[in-house]
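Quick look at input13.cif (mmCIF, C-alpha atoms):
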data_coords
loop_
_atom_site.label_atom_id
_atom_site.label_comp_id
_atom_site.auth_asym_id
_atom_site.auth_seq_id
_atom_site.Cartn_x
_atom_site.Cartn_y
_atom_site.Cartn_z
CA MET A 1 -38.29 22.44 -3.99
CA GLU A 2 -35.32 21.58 -6.08
CA ILE A 3 -36.74 23.07 -9.24
CA ALA A 4 -36.93 26.47 -7.53
CA GLN A 5 -33.26 26.22 -6.60
CA ILE A 6 -32.33 25.19 -10.13
CA VAL A 7 -34.38 28.02 -11.66
CA GLY A 8 -32.80 30.50 -9.26
CA LEU A 9 -29.33 29.27 -10.07
CA ALA A 10 -30.11 29.36 -13.79
CA LEU A 11 -31.35 32.95 -13.58
CA VAL A 12 -28.30 34.11 -11.65
CA THR A 13 -26.01 32.30 -14.08
CA THR A 14 -27.81 33.80 -17.08
CA ILE A 15 -27.48 37.33 -15.71
CA LEU A 16 -23.82 36.77 -14.88
CA LEU A 17 -23.25 35.30 -18.32
CA LEU A 18 -24.85 38.33 -19.96
CA ILE A 19 -22.53 40.64 -18.05
CA LEU A 20 -19.42 38.50 -18.50
CA ARG A 21 -19.93 37.73 -22.19
CA GLN A 22 -19.28 41.35 -23.16
CA ASP A 23 -16.14 41.94 -21.09
CA LYS A 24 -14.70 38.48 -20.39
CA PRO A 25 -16.01 35.82 -22.79
CA VAL A 26 -13.57 33.20 -21.47
CA LEU A 27 -14.97 33.50 -17.95
CA ALA A 28 -18.47 33.28 -19.39
CA VAL A 29 -17.65 29.92 -20.98
CA LEU A 30 -16.16 28.70 -17.72
CA LEU A 31 -19.25 29.74 -15.81
CA SER A 32 -21.41 27.95 -18.34
CA ILE A 33 -19.37 24.77 -17.91
CA VAL A 34 -19.59 24.98 -14.11
CA PHE A 35 -23.35 25.44 -14.30
CA SER A 36 -23.68 22.40 -16.58
CA ILE A 37 -21.61 20.29 -14.20
CA ILE A 38 -23.67 21.40 -11.19
CA ILE A 39 -26.96 20.56 -12.92
CA PHE A 40 -25.57 17.22 -14.10
CA THR A 41 -24.34 16.31 -10.60
CA VAL A 42 -27.60 17.30 -8.92
CA MET A 43 -29.64 15.30 -11.42
CA MET A 44 -27.44 12.20 -11.09
CA GLY A 45 -29.06 11.24 -7.78
CA LYS A 46 -32.52 11.43 -9.34
CA MET A 47 -31.34 9.46 -12.35
CA VAL A 48 -30.21 6.61 -10.10
CA SER A 49 -33.73 6.08 -8.76
CA ILE A 50 -35.18 6.14 -12.30
CA LEU A 51 -32.58 3.62 -13.42
CA ASN A 52 -33.31 1.34 -10.45
CA VAL A 53 -37.02 1.24 -11.32
CA MET A 54 -36.22 0.57 -14.98
CA ARG A 55 -33.78 -2.16 -14.03
CA GLU A 56 -36.45 -3.82 -11.90
CA LEU A 57 -38.94 -3.59 -14.77
CA THR A 58 -36.43 -5.10 -17.18
CA HIS A 59 -35.79 -7.95 -14.77
CA ARG A 60 -39.51 -8.64 -14.39
CA ALA A 61 -40.11 -8.54 -18.13
CA GLY A 62 -37.34 -11.08 -18.61
CA VAL A 63 -35.48 -8.69 -20.88
CA ASN A 64 -31.76 -9.12 -21.01
CA TYR A 65 -30.02 -6.59 -18.83
CA PHE A 66 -27.13 -6.42 -21.27
CA PHE A 67 -29.36 -4.81 -23.92
CA PHE A 68 -30.93 -2.44 -21.46
CA ALA A 69 -27.52 -1.43 -20.09
CA THR A 70 -26.39 -0.74 -23.65
CA ILE A 71 -29.39 1.54 -24.21
CA LEU A 72 -28.59 3.38 -20.98
CA LYS A 73 -24.99 3.82 -22.10
CA ILE A 74 -26.23 5.19 -25.42
CA LEU A 75 -28.47 7.65 -23.56
CA GLY A 76 -25.53 8.74 -21.42
CA VAL A 77 -23.34 9.26 -24.47
CA ALA A 78 -26.12 11.24 -26.15
CA TYR A 79 -26.60 13.49 -23.14
CA LEU A 80 -22.90 14.11 -22.63
CA GLY A 81 -22.49 14.82 -26.34
CA GLU A 82 -25.38 17.27 -26.24
CA PHE A 83 -23.96 19.10 -23.24
CA ALA A 84 -20.53 19.37 -24.82
CA THR A 85 -22.00 20.48 -28.14
CA ALA A 86 -24.07 23.17 -26.43
CA ILE A 87 -21.05 24.46 -24.50
CA CYS A 88 -18.94 24.57 -27.66
CA GLN A 89 -21.71 26.38 -29.55
CA ASP A 90 -22.05 28.88 -26.68
CA ALA A 91 -18.35 29.60 -26.99
CA GLY A 92 -18.82 30.15 -30.72
CA GLU A 93 -16.82 27.07 -31.67
CA GLN A 94 -19.13 25.52 -34.22
CA ALA A 95 -16.44 23.29 -35.71
CA VAL A 96 -15.60 21.70 -32.37
CA ALA A 97 -19.30 21.25 -31.64
CA LYS A 98 -19.70 19.37 -34.94
CA LYS A 99 -16.79 17.10 -34.08
CA VAL A 100 -18.27 16.26 -30.67
CA GLU A 101 -21.58 15.49 -32.34
CA PHE A 102 -19.84 13.28 -34.88
CA ALA A 103 -17.95 11.43 -32.14
CA SER A 104 -21.10 10.83 -30.10
CA LYS A 105 -22.91 9.50 -33.20
CA ILE A 106 -20.10 7.05 -33.91
CA ILE A 107 -19.94 5.89 -30.28
CA ILE A 108 -23.71 5.36 -30.25
CA ALA A 109 -23.48 3.33 -33.46
CA VAL A 110 -20.68 1.19 -31.99
CA LEU A 111 -22.65 0.60 -28.79
CA ALA A 112 -25.70 -0.43 -30.81
CA LEU A 113 -23.72 -2.99 -32.83
CA PRO A 114 -24.06 -5.96 -30.41
CA ILE A 115 -27.85 -5.50 -30.35
CA MET A 116 -27.91 -5.40 -34.13
CA ILE A 117 -25.81 -8.57 -34.33
CA ALA A 118 -28.10 -10.31 -31.83
CA ILE A 119 -31.15 -9.40 -33.94
CA LEU A 120 -29.48 -10.64 -37.10
CA GLU A 121 -28.54 -13.90 -35.41
CA SER A 122 -32.10 -14.37 -34.23
CA LEU A 123 -33.43 -13.67 -37.72
CA MET A 124 -30.99 -16.16 -39.22
CA GLN A 125 -32.25 -18.72 -36.77
CA LEU A 126 -35.85 -18.00 -37.72
CA MET A 127 -35.11 -18.24 -41.41
CA PRO A 128 -32.41 -20.85 -41.93
CA GLY A 129 -30.83 -21.59 -45.27
CA MET B 1 -51.95 -20.15 -22.75
CA ALA B 2 -49.86 -19.22 -19.73
CA VAL B 3 -46.82 -18.80 -21.97
CA LEU B 4 -48.76 -16.52 -24.29
CA ALA B 5 -50.06 -14.48 -21.35
CA GLY B 6 -46.53 -14.14 -20.03
CA MET B 7 -45.27 -13.00 -23.40
CA VAL B 8 -48.02 -10.39 -23.74
CA LYS B 9 -47.23 -9.11 -20.26
CA ASN B 10 -43.55 -8.87 -21.13
CA VAL B 11 -44.28 -7.02 -24.37
CA LEU B 12 -46.38 -4.52 -22.42
CA VAL B 13 -43.56 -3.89 -19.97
CA ILE B 14 -41.12 -3.50 -22.87
CA ILE B 15 -43.42 -0.93 -24.52
CA ILE B 16 -43.66 1.03 -21.27
CA LEU B 17 -39.89 0.90 -20.90
CA ALA B 18 -39.34 2.03 -24.48
CA SER B 19 -41.79 4.93 -24.10
CA PHE B 20 -40.03 6.01 -20.94
CA LEU B 21 -36.67 5.84 -22.67
CA GLU B 22 -38.10 7.93 -25.51
CA VAL B 23 -39.09 10.59 -23.00
CA LEU B 24 -35.57 10.63 -21.64
CA LEU B 25 -34.06 11.24 -25.09
CA PRO B 26 -32.02 14.41 -25.46
CA GLU B 27 -33.03 16.92 -28.12
CA GLY B 28 -30.56 17.45 -30.91
CA ARG B 29 -28.99 15.86 -33.91
CA VAL B 30 -28.09 12.68 -32.03
CA LYS B 31 -31.76 11.91 -31.36
CA PRO B 32 -32.40 9.77 -34.49
CA PHE B 33 -29.41 7.59 -33.62
CA VAL B 34 -30.66 6.97 -30.10
CA ARG B 35 -34.16 6.28 -31.40
CA PHE B 36 -32.71 3.71 -33.77
CA ALA B 37 -30.88 2.00 -30.91
CA ILE B 38 -34.06 1.97 -28.81
CA GLY B 39 -35.88 0.46 -31.79
CA LEU B 40 -33.30 -2.31 -31.94
CA PHE B 41 -33.73 -2.87 -28.21
CA ILE B 42 -37.50 -3.27 -28.63
CA ILE B 43 -37.04 -5.73 -31.52
CA ILE B 44 -34.59 -7.89 -29.61
CA ALA B 45 -36.66 -7.74 -26.42
CA VAL B 46 -39.78 -8.93 -28.29
CA LEU B 47 -37.94 -11.41 -30.51
CA ASN B 48 -36.00 -13.19 -27.78
CA PRO B 49 -38.95 -14.72 -25.86
CA ILE B 50 -40.60 -15.78 -29.13
CA LEU B 51 -37.44 -17.54 -30.25
CA ASN B 52 -37.04 -19.11 -26.86
CA ALA B 53 -40.58 -20.48 -27.08
CA LEU B 54 -40.12 -21.72 -30.66
CA PHE B 55 -36.69 -23.28 -30.31
CA ASP B 56 -36.08 -25.21 -27.13
CA LYS B 57 -32.52 -25.88 -28.21
CA ARG B 58 -31.75 -22.19 -27.99
CA GLU B 59 -31.90 -22.35 -24.22
CA PHE B 60 -28.73 -24.40 -24.21
CA GLU B 61 -26.87 -22.04 -26.48
CA ILE B 62 -26.30 -19.24 -24.03
CA ASN B 63 -24.53 -16.15 -25.25
CA LEU B 64 -22.68 -14.05 -22.75
CA TRP B 65 -25.25 -11.28 -23.00
CA ASP B 66 -28.06 -13.80 -22.67
CA TYR B 67 -26.70 -15.18 -19.43
CA GLN B 68 -28.71 -14.07 -16.44
CA VAL B 69 -28.36 -15.36 -12.92
CA SER B 70 -30.75 -14.71 -10.10
CA SER B 71 -29.41 -13.60 -6.73
CA GLU B 72 -30.10 -17.09 -5.36
CA GLN B 73 -28.15 -18.75 -8.17
CA GLU B 74 -25.38 -16.21 -7.71
CA ARG B 75 -25.15 -17.05 -4.00
CA GLU B 76 -25.07 -20.76 -4.80
CA ILE B 77 -22.31 -20.26 -7.39
CA LEU B 78 -20.29 -18.19 -4.94
CA GLU B 79 -20.72 -20.78 -2.19
CA LYS B 80 -19.58 -23.55 -4.52
CA GLY B 81 -16.62 -21.46 -5.57
CA ASN B 82 -15.65 -20.81 -1.97
CA ARG B 83 -15.97 -24.52 -1.12
CA ILE B 84 -13.74 -25.50 -4.04
CA ASN B 85 -11.30 -22.80 -3.06
CA ARG B 86 -11.14 -24.12 0.51
CA GLN B 87 -10.63 -27.70 -0.69
CA ILE B 88 -7.82 -26.62 -3.00
CA ALA B 89 -6.20 -24.62 -0.19
CA ILE B 90 -6.43 -27.54 2.26
CA SER B 91 -5.03 -30.10 -0.19
CA THR B 92 -2.22 -27.75 -1.22
CA GLU B 93 -1.38 -26.96 2.38
CA THR B 94 -1.31 -30.65 3.31
CA GLY B 95 0.90 -31.49 0.34
CA ILE B 96 3.31 -28.65 1.02
CA LYS B 97 3.39 -29.48 4.73
CA GLU B 98 4.23 -33.13 4.13
CA LYS B 99 6.91 -32.32 1.57
CA MET B 100 8.45 -29.67 3.79
CA GLU B 101 8.52 -32.02 6.78
CA GLY B 102 10.19 -34.74 4.73
CA GLN B 103 12.78 -32.35 3.32
CA VAL B 104 13.63 -30.85 6.70
CA SER B 105 13.96 -34.31 8.25
CA ALA B 106 16.26 -35.42 5.42
CA VAL B 107 18.42 -32.31 5.77
CA ALA B 108 18.61 -32.60 9.56
CA MET B 109 19.72 -36.21 9.26
CA LEU B 110 22.82 -35.05 7.41
CA VAL B 111 24.14 -33.50 10.61
CA PRO B 112 26.71 -35.87 12.12
CA GLY B 113 25.46 -37.70 15.18
CA VAL B 114 21.81 -37.61 14.13
CA LYS B 115 20.17 -40.94 13.46
CA GLU B 116 16.54 -40.06 12.90
CA VAL B 117 14.46 -36.89 12.76
CA LYS B 118 10.72 -36.45 12.96
CA THR B 119 9.56 -33.03 11.77
CA SER B 120 6.27 -31.33 12.34
CA ALA B 121 5.59 -28.09 10.46
CA THR B 122 2.94 -25.56 11.45
CA ILE B 123 1.47 -23.60 8.55
CA ASN B 124 -0.41 -20.32 9.07
CA ASP B 125 -3.64 -19.16 7.37
CA GLU B 126 -1.76 -17.47 4.54
CA GLY B 127 0.04 -20.70 3.68
CA GLY B 128 3.34 -19.59 5.17
CA LEU B 129 5.47 -21.60 7.58
CA ASN B 130 4.91 -20.63 11.22
CA LYS B 131 7.25 -22.95 13.09
CA LEU B 132 9.11 -26.22 12.87
CA ASP B 133 9.23 -28.84 15.61
CA LEU B 134 11.96 -31.42 15.27
CA ILE B 135 12.29 -34.53 17.40
CA VAL B 136 15.84 -35.82 17.01
CA ARG B 137 17.09 -39.29 17.81
CA LEU B 138 20.83 -39.35 18.21
CA GLU B 139 23.23 -42.09 17.20
CA GLU B 140 24.61 -43.96 20.18
CA SER B 141 27.99 -42.45 21.08
CA GLU B 142 31.13 -44.53 20.83
CA HIS B 143 31.86 -44.45 24.54
CA LEU B 144 28.33 -45.59 25.28
CA GLN B 145 28.67 -48.39 22.79
CA LYS B 146 31.90 -49.47 24.38
CA GLY B 147 30.67 -49.22 27.92
CA GLY B 148 28.30 -46.54 29.08
CA ASP B 149 28.75 -47.45 32.73
CA THR B 150 32.03 -45.43 32.90
CA ASN B 151 30.13 -42.26 32.05
CA VAL B 152 27.62 -42.80 34.78
CA PHE B 153 30.20 -43.24 37.45
CA LEU B 154 32.50 -40.49 36.24
CA GLY B 155 29.70 -37.99 36.36
CA GLY B 156 31.19 -36.03 33.44
CA GLY B 157 29.30 -37.98 30.81
CA ASP B 158 26.08 -36.01 31.12
CA ALA B 159 27.87 -32.71 30.66
CA THR B 160 29.56 -33.93 27.48
CA THR B 161 26.28 -35.24 26.14
CA THR B 162 24.51 -31.96 26.84
CA LYS B 163 27.29 -30.06 25.09
CA ASP B 164 27.06 -32.39 22.10
CA LYS B 165 23.33 -32.00 22.01
CA LYS B 166 23.68 -28.24 22.10
CA GLN B 167 26.13 -28.37 19.20
CA ILE B 168 23.92 -30.71 17.19
CA GLU B 169 20.92 -28.51 17.89
CA GLU B 170 22.77 -25.42 16.67
CA LYS B 171 24.00 -27.27 13.59
CA ILE B 172 20.50 -28.46 12.71
CA ARG B 173 19.12 -24.94 13.18
CA GLY B 174 21.95 -23.46 11.12
CA VAL B 175 21.60 -25.95 8.27
CA ILE B 176 17.81 -25.55 8.01
CA SER B 177 17.90 -21.76 8.33
CA ASN B 178 20.64 -21.39 5.74
CA LEU B 179 19.16 -23.84 3.29
CA TYR B 180 15.66 -22.43 3.32
CA SER B 181 16.57 -18.84 4.29
CA PHE B 182 14.44 -19.03 7.42
CA GLU B 183 15.65 -16.07 9.42
CA ASP B 184 12.79 -15.42 11.80
CA LEU B 185 11.30 -18.87 11.85
CA LYS B 186 10.96 -20.62 15.17
CA ILE B 187 12.74 -23.98 15.04
CA ASN B 188 12.23 -26.15 18.11
CA VAL B 189 14.65 -29.06 18.47
CA ARG B 190 13.95 -31.75 21.03
CA PHE B 191 15.94 -34.86 21.63
CA GLU B 192 14.28 -38.18 22.01
CA GLY B 193 14.66 -39.39 25.55
CA GLY B 194 15.17 -35.89 27.01
#
What does this structure look like when you write it as C-alpha cells?
Amino acid sequence: MEIAQIVGLALVTTILLLILRQDKPVLAVLLSIVFSIIIFTVMMGKMVSILNVMRELTHRAGVNYFFFATILKILGVAYLGEFATAICQDAGEQAVAKKVEFASKIIIAVLALPIMIAILESLMQLMPG
Amino acid sequence: MAVLAGMVKNVLVIIILASFLEVLLPEGRVKPFVRFAIGLFIIIAVLNPILNALFDKREFEINLWDYQVSSEQEREILEKGNRINRQIAISTETGIKEKMEGQVSAVAMLVPGVKEVKTSATINDEGGLNKLDLIVRLEESEHLQKGGDTNVFLGGGDATTTKDKKQIEEKIRGVISNLYSFEDLKINVRFEGG
C-alpha cells in the first residue's frame, strides 16, 4: 500500500516541520523541499503508465501526438510551478511565489501558441477570403 | 457513413482524454491557463478530422506537427535510409580505392628502375586504408640488354639484381610512406617474375 507509506511519511514530515519551524526555519524549508521531491519521484513511475495509456488513446483517436505532448508539457509546467509556489509560500516568500506563478503562466501561454496557430490556420481554411 | 462513425468515435475518445486531463489539473492560479490550453487541444482535435474530410488537398500539405508515421512506415524509412547509406559508402569506397591505387602506382613509377606498377589497396570497414599490395615490373637492366648471358655464367648477376630489387623496394616504400604519411601501413612489394 503505497498510500499508507506516503501518509506515514507526510505525518512524520509534518510533525518534524512543526518542531523545526520554531527553532530552525531554514531546515524546515529544506525538509519540505525534500518531501516534495520524494513524492514527485515516487509518483513519476505511476505517471508513466498513465501517460502510456493516454498516448495509446491519442494514437487510436487519430489525434496528433504533437498537440497531446504539448498539453502534457503544459501540465508538467503547471505542476512544477505549483510545487515551487507552495514551497516559496511555506517559506514566507510571497513575492518569489508570485514570480514563479507568473513564469509558469507565461511558459504555458508560449507552449499553447502552436495549438492556437494551428486552430487559426484551420479556421482560415474553412472561411477563405 | 463509415467516415462519420469513425469521426464520432474519435470525438468520444477525445472527450474522455480531455476529461482525464481535467482531472489531472493542479489546483491553483495556473488552472485557468491549463484549462484554456486543454480547450484549444479539444478544438484542434475535433477540427482536424473534419477539415481532412472536407478538403482532400489538405492531406498533401503536411505540417511538421501533423506528420505521423506508423511503426511499420518508420521501419521502412529506416531500411531505405540504411540501404542508401550502404550504397553511398560502397560507391565512395570504390572511388577512393581506385584513385588511391592510381596515385600510388604513379608515384611508385617515379622510382628509377621501375617500369610499371600495379597497385591493389585494401580498405577496412571504417573506410581507412588497411594495406597496399604493389606488383612492380622493372626496366630491363643495361647489362641484360647488352648481353644477359654473362650474368648467368658469372653467377654474380642474381646477387646484384636482388640487391637492386631490395633498394627499389625500400625506395618505393619510403616514397609512398613519406608522401601519404603512412607510418604503420603494411606495404607489400612484389616483383613481376619473382
| chain B residues within 9 Å of chain A, counting only C-alpha atoms: which ones, as an MDAnalysis selection string? | chainID B and resid 6:7 9:14 17 20:21 24:31 33:34 36:38 40:41 43:49 51 64:68
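We find atom CA of Gly113 of chain B and atom CA of Glu140 of chain B to be spaced 8.1 Å apart.
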| query | So what do you get for atom CA of Thr14 of chain A versus atom CA of Val29 of chain A, distance-wise? | reply | 11.6 Å
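Evaluated on this file, the PyMOL selection byres ((chain B and resi 132) around 6) matches Ser120, Ala121, Lys131, Asp133 and Ile187 of chain B.
Note that the spacing between atom CA of Gln167 of chain B and atom CA of Gln103 of chain B amounts to 21.1 Å.
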Give the padded box for segment 4-16 of chain A as AutoDock Vina command-line options: axis-aligned, covering all atoms listed in the file, 5 Å on each side, centre and edge lengths in Å to one decimal.
--center_x -30.4 --center_y 31.3 --center_z -11.8 --size_x 23.1 --size_y 22.1 --size_z 20.5
